[in-house]
$ cat model34.cif   # mmCIF, C-alpha atoms
data_model
#
loop_
_atom_site.group_PDB
_atom_site.id
_atom_site.type_symbol
_atom_site.label_atom_id
_atom_site.label_comp_id
_atom_site.auth_asym_id
_atom_site.auth_seq_id
_atom_site.Cartn_x
_atom_site.Cartn_y
_atom_site.Cartn_z
ATOM 1 C CA MET A 24 97.060 57.269 122.411
ATOM 2 C CA GLY A 25 99.620 59.344 120.550
ATOM 3 C CA LEU A 26 99.472 62.530 118.520
ATOM 4 C CA VAL A 27 99.968 62.937 114.792
ATOM 5 C CA SER A 28 100.304 65.965 112.524
ATOM 6 C CA VAL A 29 97.910 66.083 109.590
ATOM 7 C CA VAL A 30 97.815 68.411 106.582
ATOM 8 C CA PHE A 31 94.859 69.198 104.308
ATOM 9 C CA ASN A 32 94.644 69.887 100.581
ATOM 10 C CA ASN A 33 98.426 69.761 100.035
ATOM 11 C CA SER A 34 98.918 72.667 102.441
ATOM 12 C CA ASN A 35 102.060 72.715 104.587
ATOM 13 C CA LYS A 36 100.211 73.855 107.713
ATOM 14 C CA LYS A 37 100.075 71.035 110.244
ATOM 15 C CA TYR A 38 97.239 70.250 112.655
ATOM 16 C CA CYS A 39 97.478 67.885 115.634
ATOM 17 C CA PHE A 40 95.080 64.994 116.230
ATOM 18 C CA ASN A 41 94.875 62.006 118.536
ATOM 19 C CA ASP A 42 95.732 58.839 116.632
ATOM 20 C CA ASN A 43 92.735 57.183 118.362
ATOM 21 C CA GLY A 44 94.722 53.971 118.810
ATOM 22 C CA LEU A 45 94.907 53.424 115.051
ATOM 23 C CA LYS A 46 98.041 51.971 113.453
ATOM 24 C CA LEU A 47 98.986 54.980 111.372
ATOM 25 C CA LYS A 48 101.937 55.495 109.080
ATOM 26 C CA LYS A 49 103.494 58.576 107.547
ATOM 27 C CA ASN A 50 101.801 59.701 104.287
ATOM 28 C CA LEU A 51 98.718 57.621 105.113
ATOM 29 C CA THR A 52 95.457 59.407 104.295
ATOM 30 C CA VAL A 53 92.885 59.637 107.077
ATOM 31 C CA ILE A 54 89.486 61.048 107.980
ATOM 32 C CA VAL A 55 89.687 63.375 110.976
ATOM 33 C CA ASP A 56 87.122 65.088 113.161
ATOM 34 C CA THR A 57 87.451 68.893 113.247
ATOM 35 C CA ASP A 58 85.404 71.552 114.994
ATOM 36 C CA LYS A 59 83.576 72.200 111.718
ATOM 37 C CA GLY A 60 83.091 68.627 110.526
ATOM 38 C CA LEU A 61 84.982 65.730 108.985
ATOM 39 C CA GLN A 62 88.053 66.390 106.852
ATOM 40 C CA PHE A 63 90.231 64.309 104.547
ATOM 41 C CA GLY A 64 93.933 64.700 105.321
ATOM 42 C CA LYS A 65 97.366 63.115 105.245
ATOM 43 C CA VAL A 66 99.577 62.082 108.185
ATOM 44 C CA VAL A 67 102.953 63.813 107.943
ATOM 45 C CA GLN A 68 104.486 63.485 111.388
ATOM 46 C CA PHE A 69 104.287 61.666 114.709
ATOM 47 C CA ILE A 70 104.501 63.778 117.861
ATOM 48 C CA LYS A 71 105.810 62.859 121.283
ATOM 49 C CA ASN A 72 102.968 63.849 123.567
ATOM 50 C CA ASP A 73 104.711 63.925 126.950
ATOM 51 C CA ASN A 74 103.879 67.591 127.391
ATOM 52 C CA TYR A 75 100.448 67.554 125.775
ATOM 53 C CA ASN A 76 96.989 66.809 127.073
ATOM 54 C CA ASN A 77 95.383 64.488 124.522
ATOM 55 C CA SER A 78 91.927 65.693 125.474
ATOM 56 C CA ASP A 79 92.809 69.061 123.896
ATOM 57 C CA PHE A 80 92.858 67.520 120.419
ATOM 58 C CA ASN A 81 90.260 66.005 118.116
ATOM 59 C CA ASN A 82 90.553 62.431 116.902
ATOM 60 C CA VAL A 83 91.520 60.675 113.729
ATOM 61 C CA VAL A 84 88.247 58.915 112.890
ATOM 62 C CA ARG A 85 89.581 56.247 110.548
ATOM 63 C CA ILE A 86 92.127 55.384 107.926
ATOM 64 C CA SER A 87 90.626 56.465 104.611
ATOM 65 C CA THR A 88 89.138 53.873 102.269
ATOM 66 C CA LYS A 89 89.016 53.837 98.472
ATOM 67 C CA LYS A 90 85.461 55.172 98.716
ATOM 68 C CA ASP A 91 86.680 58.021 100.942
ATOM 69 C CA TYR A 92 89.402 58.887 98.450
ATOM 70 C CA LEU A 93 86.973 58.976 95.540
ATOM 71 C CA GLN A 94 84.671 61.243 97.538
ATOM 72 C CA HIS A 95 87.631 63.494 98.294
ATOM 73 C CA LEU A 96 88.457 63.749 94.578
ATOM 74 C CA ASN A 97 84.834 64.536 93.827
ATOM 75 C CA ASN A 98 84.852 67.256 96.502
ATOM 76 C CA LEU A 99 87.942 68.824 94.914
ATOM 77 C CA LYS A 100 86.328 68.794 91.473
ATOM 78 C CA ASP A 101 83.059 70.296 92.715
ATOM 79 C CA ALA A 102 84.904 72.936 94.763
ATOM 80 C CA SER A 103 86.779 74.010 91.635
ATOM 81 C CA LYS A 104 83.472 74.426 89.784
ATOM 82 C CA ALA A 105 82.103 76.356 92.765
ATOM 83 C CA VAL A 106 84.950 78.868 92.461
ATOM 84 C CA ASP A 107 83.970 79.652 88.857
ATOM 85 C CA ILE A 108 80.320 80.074 89.805
ATOM 86 C CA CYS A 109 81.218 82.321 92.730
ATOM 87 C CA LYS A 110 83.467 84.482 90.526
ATOM 88 C CA ASN A 111 80.593 85.022 88.086
ATOM 89 C CA ILE A 112 78.239 86.077 90.885
ATOM 90 C CA ILE A 113 80.873 88.456 92.283
ATOM 91 C CA ALA A 114 81.373 90.031 88.851
ATOM 92 C CA ASN A 115 77.608 90.406 88.299
ATOM 93 C CA ASN A 116 77.216 92.102 91.677
ATOM 94 C CA LYS A 117 80.385 94.199 91.237
ATOM 95 C CA LEU A 118 81.798 93.189 94.607
ATOM 96 C CA ASN A 119 85.366 94.264 95.378
ATOM 97 C CA MET A 120 86.736 90.846 96.267
ATOM 98 C CA SER A 121 88.847 88.157 94.631
ATOM 99 C CA ILE A 122 88.319 84.456 95.303
ATOM 100 C CA VAL A 123 91.484 82.545 96.224
ATOM 101 C CA ASP A 124 90.031 79.040 96.432
ATOM 102 C CA ALA A 125 87.206 76.941 97.842
ATOM 103 C CA PHE A 126 86.944 73.604 99.588
ATOM 104 C CA TYR A 127 84.254 71.294 100.915
ATOM 105 C CA MET A 128 84.372 69.668 104.299
ATOM 106 C CA PHE A 129 84.694 65.944 103.633
ATOM 107 C CA ASP A 130 81.043 65.264 104.489
ATOM 108 C CA ARG A 131 79.983 68.316 102.407
ATOM 109 C CA SER A 132 78.390 69.865 105.489
ATOM 110 C CA GLN A 133 80.084 73.147 104.621
ATOM 111 C CA LEU A 134 81.581 74.858 101.582
ATOM 112 C CA VAL A 135 84.281 77.403 102.398
ATOM 113 C CA PHE A 136 85.341 80.179 100.023
ATOM 114 C CA ARG A 137 88.507 82.130 100.772
ATOM 115 C CA PHE A 138 88.888 85.600 99.306
ATOM 116 C CA VAL A 139 91.082 88.684 99.417
ATOM 117 C CA SER A 140 89.906 92.270 99.395
ATOM 118 C CA GLU A 141 91.397 95.683 100.087
ATOM 119 C CA GLU A 142 88.326 96.624 102.124
ATOM 120 C CA ARG A 143 85.536 95.180 104.225
ATOM 121 C CA VAL A 144 82.934 93.489 102.044
ATOM 122 C CA ASP A 145 79.244 92.976 102.784
ATOM 123 C CA PHE A 146 78.884 89.458 101.411
ATOM 124 C CA ARG A 147 75.618 88.481 103.128
ATOM 125 C CA ASN A 148 73.623 88.411 99.889
ATOM 126 C CA LEU A 149 76.438 86.507 98.175
ATOM 127 C CA ALA A 150 76.380 83.865 100.929
ATOM 128 C CA LYS A 151 72.610 83.480 100.583
ATOM 129 C CA GLU A 152 72.857 83.077 96.810
ATOM 130 C CA LEU A 153 75.650 80.522 97.110
ATOM 131 C CA GLY A 154 73.702 78.611 99.768
ATOM 132 C CA ALA A 155 70.680 78.409 97.470
ATOM 133 C CA ILE A 156 72.850 77.039 94.675
ATOM 134 C CA PHE A 157 74.967 74.517 96.572
ATOM 135 C CA LYS A 158 72.420 73.484 99.241
ATOM 136 C CA THR A 159 74.940 73.507 102.074
ATOM 137 C CA ARG A 160 76.300 75.869 104.723
ATOM 138 C CA ILE A 161 78.499 78.573 103.183
ATOM 139 C CA GLU A 162 81.467 80.275 104.819
ATOM 140 C CA LEU A 163 83.191 83.244 103.168
ATOM 141 C CA ARG A 164 86.581 83.708 104.789
ATOM 142 C CA GLN A 165 88.667 86.820 104.135
ATOM 143 C CA VAL A 166 92.409 86.164 104.048
ATOM 144 C CA GLY A 167 95.456 88.334 103.428
ATOM 145 C CA ILE A 168 97.317 88.830 100.181
ATOM 146 C CA ARG A 169 100.170 86.757 101.626
ATOM 147 C CA ASP A 170 97.778 83.807 101.942
ATOM 148 C CA LYS A 171 96.957 84.154 98.249
ATOM 149 C CA ALA A 172 100.649 84.045 97.341
ATOM 150 C CA LYS A 173 100.997 80.958 99.545
ATOM 151 C CA GLU A 174 98.283 79.155 97.565
ATOM 152 C CA ILE A 175 99.494 80.227 94.126
ATOM 153 C CA GLY A 176 103.213 79.717 94.777
ATOM 154 C CA GLY A 177 106.061 80.972 92.620
ATOM 155 C CA ILE A 178 109.786 81.729 92.545
ATOM 156 C CA GLY A 179 111.234 84.330 94.884
ATOM 157 C CA PRO A 180 114.016 86.820 94.054
ATOM 158 C CA CYS A 181 116.480 84.340 95.576
ATOM 159 C CA GLY A 182 115.619 81.858 92.823
ATOM 160 C CA ARG A 183 113.972 79.379 95.192
ATOM 161 C CA LEU A 184 110.331 78.403 95.669
ATOM 162 C CA LEU A 185 108.434 80.817 97.913
ATOM 163 C CA CYS A 186 108.959 80.173 101.624
ATOM 164 C CA CYS A 187 105.242 80.615 102.277
ATOM 165 C CA SER A 188 104.299 77.848 99.831
ATOM 166 C CA THR A 189 106.959 75.375 100.963
ATOM 167 C CA PHE A 190 107.576 75.460 104.717
ATOM 168 C CA LEU A 191 106.120 78.491 106.508
ATOM 169 C CA ASN A 192 103.108 77.519 108.601
ATOM 170 C CA ASP A 193 102.381 80.989 109.963
ATOM 171 C CA PHE A 194 103.227 84.506 108.879
ATOM 172 C CA ASP A 195 105.401 86.457 111.283
ATOM 173 C CA SER A 196 105.114 90.222 111.443
ATOM 174 C CA VAL A 197 107.650 91.912 109.137
ATOM 175 C CA SER A 198 108.388 95.631 109.425
ATOM 176 C CA ILE A 199 110.244 98.193 107.328
ATOM 177 C CA ASN A 200 112.596 98.663 110.288
ATOM 178 C CA MET A 201 113.972 95.189 109.587
ATOM 179 C CA ALA A 202 115.049 96.294 106.106
ATOM 180 C CA LYS A 203 116.573 99.472 107.558
ATOM 181 C CA ASN A 204 118.335 97.458 110.245
ATOM 182 C CA GLN A 205 119.955 95.328 107.520
ATOM 183 C CA LEU A 206 121.058 98.457 105.605
ATOM 184 C CA LEU A 207 119.007 97.499 102.563
ATOM 185 C CA ALA A 208 117.968 100.002 99.933
ATOM 186 C CA LEU A 209 114.292 100.746 100.550
ATOM 187 C CA ASN A 210 113.331 99.929 96.975
ATOM 188 C CA PRO A 211 109.974 98.086 96.860
ATOM 189 C CA SER A 212 111.164 95.934 93.968
ATOM 190 C CA LYS A 213 114.034 94.704 96.163
ATOM 191 C CA ILE A 214 112.398 94.256 99.560
ATOM 192 C CA ASN A 215 108.868 93.187 98.586
ATOM 193 C CA GLY A 216 107.851 89.656 97.694
ATOM 194 C CA LEU A 217 105.519 88.487 94.932
ATOM 195 C CA CYS A 218 102.584 89.263 97.218
ATOM 196 C CA GLY A 219 103.567 92.932 97.273
ATOM 197 C CA ARG A 220 104.303 92.785 100.985
ATOM 198 C CA LEU A 221 107.706 92.882 102.698
ATOM 199 C CA LEU A 222 109.791 89.732 102.180
ATOM 200 C CA CYS A 223 109.236 87.131 104.907
ATOM 201 C CA CYS A 224 112.977 86.396 104.919
ATOM 202 C CA LEU A 225 113.707 89.856 106.346
ATOM 203 C CA LYS A 226 112.620 88.328 109.643
ATOM 204 C CA TYR A 227 115.026 85.384 109.540
ATOM 205 C CA GLU A 228 118.274 87.204 110.304
ATOM 206 C CA ASP A 229 116.929 90.292 112.009
ATOM 207 C CA ASP A 230 117.974 89.189 115.503
ATOM 208 C CA ASN A 231 121.536 88.547 114.271
ATOM 209 C CA TYR A 232 121.730 92.011 112.741
ATOM 210 C CA TYR A 233 120.652 93.592 116.014
ATOM 211 C CA GLU A 234 123.299 91.593 117.854
ATOM 212 C CA TYR A 235 126.111 92.450 115.428
ATOM 213 C CA LYS A 236 125.137 96.139 115.276
ATOM 214 C CA SER A 237 125.452 96.493 119.041
ATOM 215 C CA GLY A 238 128.014 99.204 119.762
ATOM 216 C CA LEU A 239 128.377 100.319 116.136
ATOM 217 C CA PRO A 240 127.508 103.903 115.182
ATOM 218 C CA HIS A 241 124.969 104.954 112.569
ATOM 219 C CA ILE A 242 125.858 106.326 109.158
ATOM 220 C CA GLY A 243 125.916 110.122 109.398
ATOM 221 C CA GLN A 244 126.658 110.086 113.101
ATOM 222 C CA GLY A 245 129.395 112.380 114.404
ATOM 223 C CA ILE A 246 132.062 110.480 116.317
ATOM 224 C CA GLY A 247 135.578 110.876 117.678
ATOM 225 C CA THR A 248 138.535 108.800 116.454
ATOM 226 C CA LYS A 249 142.288 108.717 117.159
ATOM 227 C CA GLU A 250 142.702 110.947 114.099
ATOM 228 C CA GLY A 251 140.088 113.455 115.171
ATOM 229 C CA TYR A 252 136.378 114.105 115.120
ATOM 230 C CA GLY A 253 134.440 113.176 111.986
ATOM 231 C CA LYS A 254 131.282 111.751 110.452
ATOM 232 C CA VAL A 255 130.532 108.042 109.894
ATOM 233 C CA ILE A 256 130.234 107.333 106.160
ATOM 234 C CA SER A 257 129.907 103.508 106.122
ATOM 235 C CA VAL A 258 129.399 100.608 108.514
ATOM 236 C CA ASP A 259 130.557 97.006 108.033
ATOM 237 C CA ILE A 260 128.273 95.159 110.446
ATOM 238 C CA PHE A 261 129.710 91.650 110.297
ATOM 239 C CA ASN A 262 133.357 92.694 110.420
ATOM 240 C CA ARG A 263 132.488 95.086 113.258
ATOM 241 C CA LYS A 264 134.137 98.142 111.730
ATOM 242 C CA TYR A 265 133.197 101.488 110.234
ATOM 243 C CA LYS A 266 134.700 104.353 108.252
ATOM 244 C CA VAL A 267 134.782 107.964 109.373
ATOM 245 C CA TYR A 268 135.566 111.033 107.291
ATOM 246 C CA VAL A 269 137.728 113.426 109.262
ATOM 247 C CA ASP A 270 138.335 116.937 107.866
ATOM 248 C CA GLY A 271 141.979 117.487 106.983
ATOM 249 C CA VAL A 272 142.765 113.799 107.371
ATOM 250 C CA GLY A 273 140.442 111.873 105.071
ATOM 251 C CA ILE A 274 138.826 108.497 105.601
ATOM 252 C CA VAL A 275 139.704 106.697 108.801
ATOM 253 C CA GLU A 276 138.759 103.060 109.348
ATOM 254 C CA VAL A 277 137.881 102.040 112.886
ATOM 255 C CA VAL A 278 137.673 98.408 114.000
ATOM 256 C CA LEU A 279 135.332 98.285 116.977
ATOM 257 C CA ASN A 280 137.386 95.792 118.985
ATOM 258 C CA ASP A 281 140.519 97.962 118.572
ATOM 259 C CA GLU A 282 138.754 101.177 119.519
ATOM 260 C CA SER A 283 140.093 102.674 122.705
#
$ encode --input "model34.cif" --output "C-alpha cells"
Amino acid sequence: MGLVSVVFNNSNKKYCFNDNGLKLKKNLTVIVDTDKGLQFGKVVQFIKNDNYNNSDFNNVVRISTKKDYLQHLNNLKDASKAVDICKNIIANNKLNMSIVDAFYMFDRSQLVFRFVSEERVDFRNLAKELGAIFKTRIELRQVGIRDKAKEIGGIGPCGRLLCCSTFLNDFDSVSINMAKNQLLALNPSKINGLCGRLLCCLKYEDDNYYEYKSGLPHIGQGIGTKEGYGKVISVDIFNRKYKVYVDGVGIVEVVLNDES
C-alpha cells in the first residue's frame, strides 16, 4: 500500500492516509477514516512511503460515489444553516465568541463549530443546546484569529492572496524581534497582516537577515574607523557596509570586507 495526501473542505492542509490498495488519482474525491469518523476529501498528492510506517495512518475507505457527493453537498448546506443558528444562540446568551465556520463529519456523527474569542469561554450550555437541536455530538473548537483569516482569505499588503489561505499548512511563531532584525519601522499598519497579528512573511527571510548581519554593528553603536571614533548612523545589511558619523570629519562609509 502507498500513502496519499488528502485535503478537506477546500483547505490547503494535507493529511496522510493509506491508499488501501485502491487505484487513486490526483483530484479524485474519496471517503477516508479519521479518528473522529468518516470524512469526504480530495486526493492532492502521492507520497513515497519508504520512511513511513503505514500502520501509523488511517485508510482511504473508498472512492466516493455520486451518492457520497450529494451527501457531502447536503452536509455543507446544513452546516451553513447551523452556523446561523449558533450565531443567534450566542447573541441571545451574550457570549463573547465569534463563529468562524462549522462542518459535519461525513456520516454526521459529529458537528464541529470553530470559533475565535479573546478569552476563555464557558460553552457547556451552548453545546447542550446545539446538541438538542441537531441531534448529534457537538464539538466547539476554539481557534486563533490567524485561523479565521485563513478561512476568510483576502489580499495582503504585497498585493497577493494571503499566504495562510493559499499554501501555509501550519503557522510558525513570528516575533517582533524579526521585524527589528529586518530594520523595519515598527508601525502596526506595516508589519501586521489582515488578522491583526504580525505578518507570516517576516519569518521567511529572518534566517538570511541574521546571516547577513553577522559582524555588522548596530545603529547608534560607537565604533572606531580609519578616520576616527564615531557613531553608526545607518547599516546596509545586504551590501555589508555601514556609515559612521565622526566628529570633525563627517560621515564615513565602511565596507565590512575592507575593514582592517
$ residues_near_point --input "model34.cif" --point "(122.6, 98.0, 113.6)" --cutoff "6 Å" --atoms "only C-alpha atoms" --output "number ranges by chain"
A: 204, 233, 236
$ atom_distance --input "model34.cif" --atom1 "CA of Ile260 (chain A)" --atom2 "CA of Tyr235 (chain A)"
6.1 Å
$ atom_distance --input "model34.cif" --atom1 "CA of Gly25 (chain A)" --atom2 "CA of Thr52 (chain A)"
16.8 Å
$ closest_residue --input "model34.cif" --among "A:Asp270, A:Glu141, A:Asp130, A:Glu234" --to "Tyr252 (chain A)" --atoms "all atoms listed in the file"
A:Asp270
$ residues_around --input "model34.cif" --residues "Leu45 (chain A)" --least-positions-apart "2" --cutoff "10 Å" --atoms "all atoms listed in the file" --output "PyMOL selection string"
chain A and resi 24-25+41-43+47-48+83-86
$ resolve_selection --input "model34.cif" --expression "the PyMOL selection byres ((chain A and resi 179) around 12)" --output "PDB file with C-alpha atoms, keeping the file's coordinate frame"
ATOM      1  CA  ALA A 172     100.649  84.045  97.341  1.00  0.00           C
ATOM      2  CA  LYS A 173     100.997  80.958  99.545  1.00  0.00           C
ATOM      3  CA  GLY A 176     103.213  79.717  94.777  1.00  0.00           C
ATOM      4  CA  GLY A 177     106.061  80.972  92.620  1.00  0.00           C
ATOM      5  CA  ILE A 178     109.786  81.729  92.545  1.00  0.00           C
ATOM      6  CA  PRO A 180     114.016  86.820  94.054  1.00  0.00           C
ATOM      7  CA  CYS A 181     116.480  84.340  95.576  1.00  0.00           C
ATOM      8  CA  GLY A 182     115.619  81.858  92.823  1.00  0.00           C
ATOM      9  CA  ARG A 183     113.972  79.379  95.192  1.00  0.00           C
ATOM     10  CA  LEU A 184     110.331  78.403  95.669  1.00  0.00           C
ATOM     11  CA  LEU A 185     108.434  80.817  97.913  1.00  0.00           C
ATOM     12  CA  CYS A 186     108.959  80.173 101.624  1.00  0.00           C
ATOM     13  CA  CYS A 187     105.242  80.615 102.277  1.00  0.00           C
ATOM     14  CA  SER A 188     104.299  77.848  99.831  1.00  0.00           C
ATOM     15  CA  THR A 189     106.959  75.375 100.963  1.00  0.00           C
ATOM     16  CA  SER A 212     111.164  95.934  93.968  1.00  0.00           C
ATOM     17  CA  LYS A 213     114.034  94.704  96.163  1.00  0.00           C
ATOM     18  CA  ILE A 214     112.398  94.256  99.560  1.00  0.00           C
ATOM     19  CA  ASN A 215     108.868  93.187  98.586  1.00  0.00           C
ATOM     20  CA  GLY A 216     107.851  89.656  97.694  1.00  0.00           C
ATOM     21  CA  LEU A 217     105.519  88.487  94.932  1.00  0.00           C
ATOM     22  CA  CYS A 218     102.584  89.263  97.218  1.00  0.00           C
ATOM     23  CA  GLY A 219     103.567  92.932  97.273  1.00  0.00           C
ATOM     24  CA  LEU A 222     109.791  89.732 102.180  1.00  0.00           C
ATOM     25  CA  CYS A 223     109.236  87.131 104.907  1.00  0.00           C
ATOM     26  CA  CYS A 224     112.977  86.396 104.919  1.00  0.00           C
TER      27      CYS A 224
END
$ closest_residue --input "model34.cif" --among "A:Phe136, A:Phe261, A:Phe80, A:Tyr92" --to "Asp107 (chain A)" --atoms "only C-alpha atoms"
A:Phe136
$ residues_around --input "model34.cif" --residues "Lys36 (chain A)" --least-positions-apart "2" --cutoff "10 Å" --atoms "all atoms listed in the file" --output "CSV table (one decimal) with C-alpha atoms, in the coordinates of the input"
chain,number,residue,atom,x,y,z
A,28,SER,CA,100.3,66.0,112.5
A,29,VAL,CA,97.9,66.1,109.6
A,30,VAL,CA,97.8,68.4,106.6
A,31,PHE,CA,94.9,69.2,104.3
A,32,ASN,CA,94.6,69.9,100.6
A,33,ASN,CA,98.4,69.8,100.0
A,34,SER,CA,98.9,72.7,102.4
A,38,TYR,CA,97.2,70.2,112.7
A,188,SER,CA,104.3,77.8,99.8
A,189,THR,CA,107.0,75.4,101.0
A,190,PHE,CA,107.6,75.5,104.7
A,191,LEU,CA,106.1,78.5,106.5
A,192,ASN,CA,103.1,77.5,108.6
A,193,ASP,CA,102.4,81.0,110.0
$ atom_distance --input "model34.cif" --atom1 "CA of Gly60 (chain A)" --atom2 "CA of Asn98 (chain A)"
14.2 Å
$ axis_aligned_box --input "model34.cif" --around "region 266-280 of chain A" --padding-each-side "8 Å" --output "JSON"
{"center_x": 138.7, "center_y": 106.6, "center_z": 112.0, "size_x": 24.1, "size_y": 37.7, "size_z": 29.9}
$ resolve_selection --input "model34.cif" --expression "the PyMOL selection byres ((chain A and resi 122) around 9)" --output "MDAnalysis selection string"
chainID A and resid 106 109:110 113 120:121 123:125 136:140
$ resolve_selection --input "model34.cif" --expression "the PyMOL selection byres ((chain A and resi 133-135) around 8)" --output "tab-separated table (two decimals) with C-alpha atoms, keeping the file's coordinate frame"
chain	number	residue	atom	x	y	z
A	59	LYS	CA	83.58	72.20	111.72
A	102	ALA	CA	84.90	72.94	94.76
A	125	ALA	CA	87.21	76.94	97.84
A	126	PHE	CA	86.94	73.60	99.59
A	127	TYR	CA	84.25	71.29	100.92
A	128	MET	CA	84.37	69.67	104.30
A	130	ASP	CA	81.04	65.26	104.49
A	131	ARG	CA	79.98	68.32	102.41
A	132	SER	CA	78.39	69.86	105.49
A	136	PHE	CA	85.34	80.18	100.02
A	137	ARG	CA	88.51	82.13	100.77
A	159	THR	CA	74.94	73.51	102.07
A	160	ARG	CA	76.30	75.87	104.72
A	161	ILE	CA	78.50	78.57	103.18
A	162	GLU	CA	81.47	80.28	104.82
A	163	LEU	CA	83.19	83.24	103.17
A	164	ARG	CA	86.58	83.71	104.79
$ closest_residue --input "model34.cif" --among "A:Gly271, A:Gly64, A:Leu26, A:Asn262" --to "Lys46 (chain A)" --atoms "all atoms listed in the file"
A:Leu26
$ residues_around --input "model34.cif" --residues "Tyr265 (chain A)" --least-positions-apart "3" --cutoff "9 Å" --atoms "all atoms listed in the file" --output "list in words"
Leu239, Pro240, Ile242, Val255, Ile256, Ser257, Val258, Asp259, Ile260, Asn262, Val275, Glu276, Val277, Val278 and Leu279 of chain A
$ residues_around --input "model34.cif" --residues "Lys90 (chain A)" --least-positions-apart "6" --cutoff "12 Å" --atoms "only C-alpha atoms" --output "ChimeraX atom specification"
/A:54,63,96-97,129
$ write_last_selection --input "model34.cif" --atoms "C-alpha atoms" --output "mmCIF file, in the frame of the given file"
data_model
loop_
_atom_site.group_PDB
_atom_site.id
_atom_site.type_symbol
_atom_site.label_atom_id
_atom_site.label_comp_id
_atom_site.auth_asym_id
_atom_site.auth_seq_id
_atom_site.Cartn_x
_atom_site.Cartn_y
_atom_site.Cartn_z
ATOM 1 C CA ILE A 54 89.486 61.048 107.980
ATOM 2 C CA PHE A 63 90.231 64.309 104.547
ATOM 3 C CA LEU A 96 88.457 63.749 94.578
ATOM 4 C CA ASN A 97 84.834 64.536 93.827
ATOM 5 C CA PHE A 129 84.694 65.944 103.633
#
$ closest_residue --input "model34.cif" --among "A:Gln62, A:Ile70, A:Asp195, A:Pro211" --to "Gln94 (chain A)" --atoms "only C-alpha atoms"
A:Gln62
$ residues_near_point --input "model34.cif" --point "(118.4, 95.4, 106.8)" --cutoff "10 Å" --atoms "all atoms listed in the file" --output "list in words"
Ile199, Asn200, Met201, Ala202, Lys203, Asn204, Gln205, Leu206, Leu207, Ala208, Leu209, Ile214, Leu225, Lys226, Glu228, Asp229, Tyr232 and Tyr233 of chain A
$ decode --input "model34.cif" --residues "region 171-183 of chain A" --atoms "N, CA, C and O atoms" --output "short mmCIF file (atom, residue, chain, number, x, y, z; two decimals), in the first residue's frame"
data_model
loop_
_atom_site.label_atom_id
_atom_site.label_comp_id
_atom_site.auth_asym_id
_atom_site.auth_seq_id
_atom_site.Cartn_x
_atom_site.Cartn_y
_atom_site.Cartn_z
N LYS A 171 -8.92 32.29 11.48
CA LYS A 171 -10.09 32.96 10.89
C LYS A 171 -9.70 33.64 9.58
O LYS A 171 -10.42 33.55 8.58
N ALA A 172 -8.56 34.32 9.58
CA ALA A 172 -8.08 34.97 8.36
C ALA A 172 -7.82 33.94 7.27
O ALA A 172 -8.10 34.18 6.08
N LYS A 173 -7.32 32.78 7.66
CA LYS A 173 -7.06 31.70 6.71
C LYS A 173 -8.34 31.26 6.01
O LYS A 173 -8.37 31.02 4.80
N GLU A 174 -9.44 31.17 6.78
CA GLU A 174 -10.71 30.73 6.21
C GLU A 174 -11.34 31.81 5.33
O GLU A 174 -11.88 31.52 4.27
N ILE A 175 -11.25 33.06 5.77
CA ILE A 175 -11.89 34.15 5.04
C ILE A 175 -11.10 34.52 3.79
O ILE A 175 -11.66 34.78 2.72
N GLY A 176 -9.76 34.54 3.91
CA GLY A 176 -8.92 34.90 2.78
C GLY A 176 -8.86 36.41 2.59
O GLY A 176 -9.41 37.19 3.37
N GLY A 177 -8.16 36.84 1.56
CA GLY A 177 -8.03 38.26 1.28
C GLY A 177 -6.74 38.56 0.54
O GLY A 177 -6.02 37.65 0.11
N ILE A 178 -6.45 39.85 0.38
CA ILE A 178 -5.25 40.31 -0.32
C ILE A 178 -4.32 40.94 0.68
O ILE A 178 -4.70 41.83 1.44
N GLY A 179 -3.07 40.50 0.69
CA GLY A 179 -2.09 41.04 1.62
C GLY A 179 -1.52 42.35 1.13
O GLY A 179 -1.78 42.79 0.00
N PRO A 180 -0.70 43.03 1.94
CA PRO A 180 -0.09 44.30 1.55
C PRO A 180 0.83 44.17 0.34
O PRO A 180 1.14 45.17 -0.31
N CYS A 181 1.27 42.95 0.05
CA CYS A 181 2.12 42.71 -1.12
C CYS A 181 1.31 42.65 -2.40
O CYS A 181 1.87 42.62 -3.50
N GLY A 182 -0.02 42.64 -2.28
CA GLY A 182 -0.88 42.56 -3.46
C GLY A 182 -1.22 41.16 -3.89
O GLY A 182 -1.91 40.95 -4.89
N ARG A 183 -0.76 40.16 -3.14
CA ARG A 183 -1.04 38.76 -3.47
C ARG A 183 -2.03 38.18 -2.47
O ARG A 183 -2.26 38.75 -1.40
#
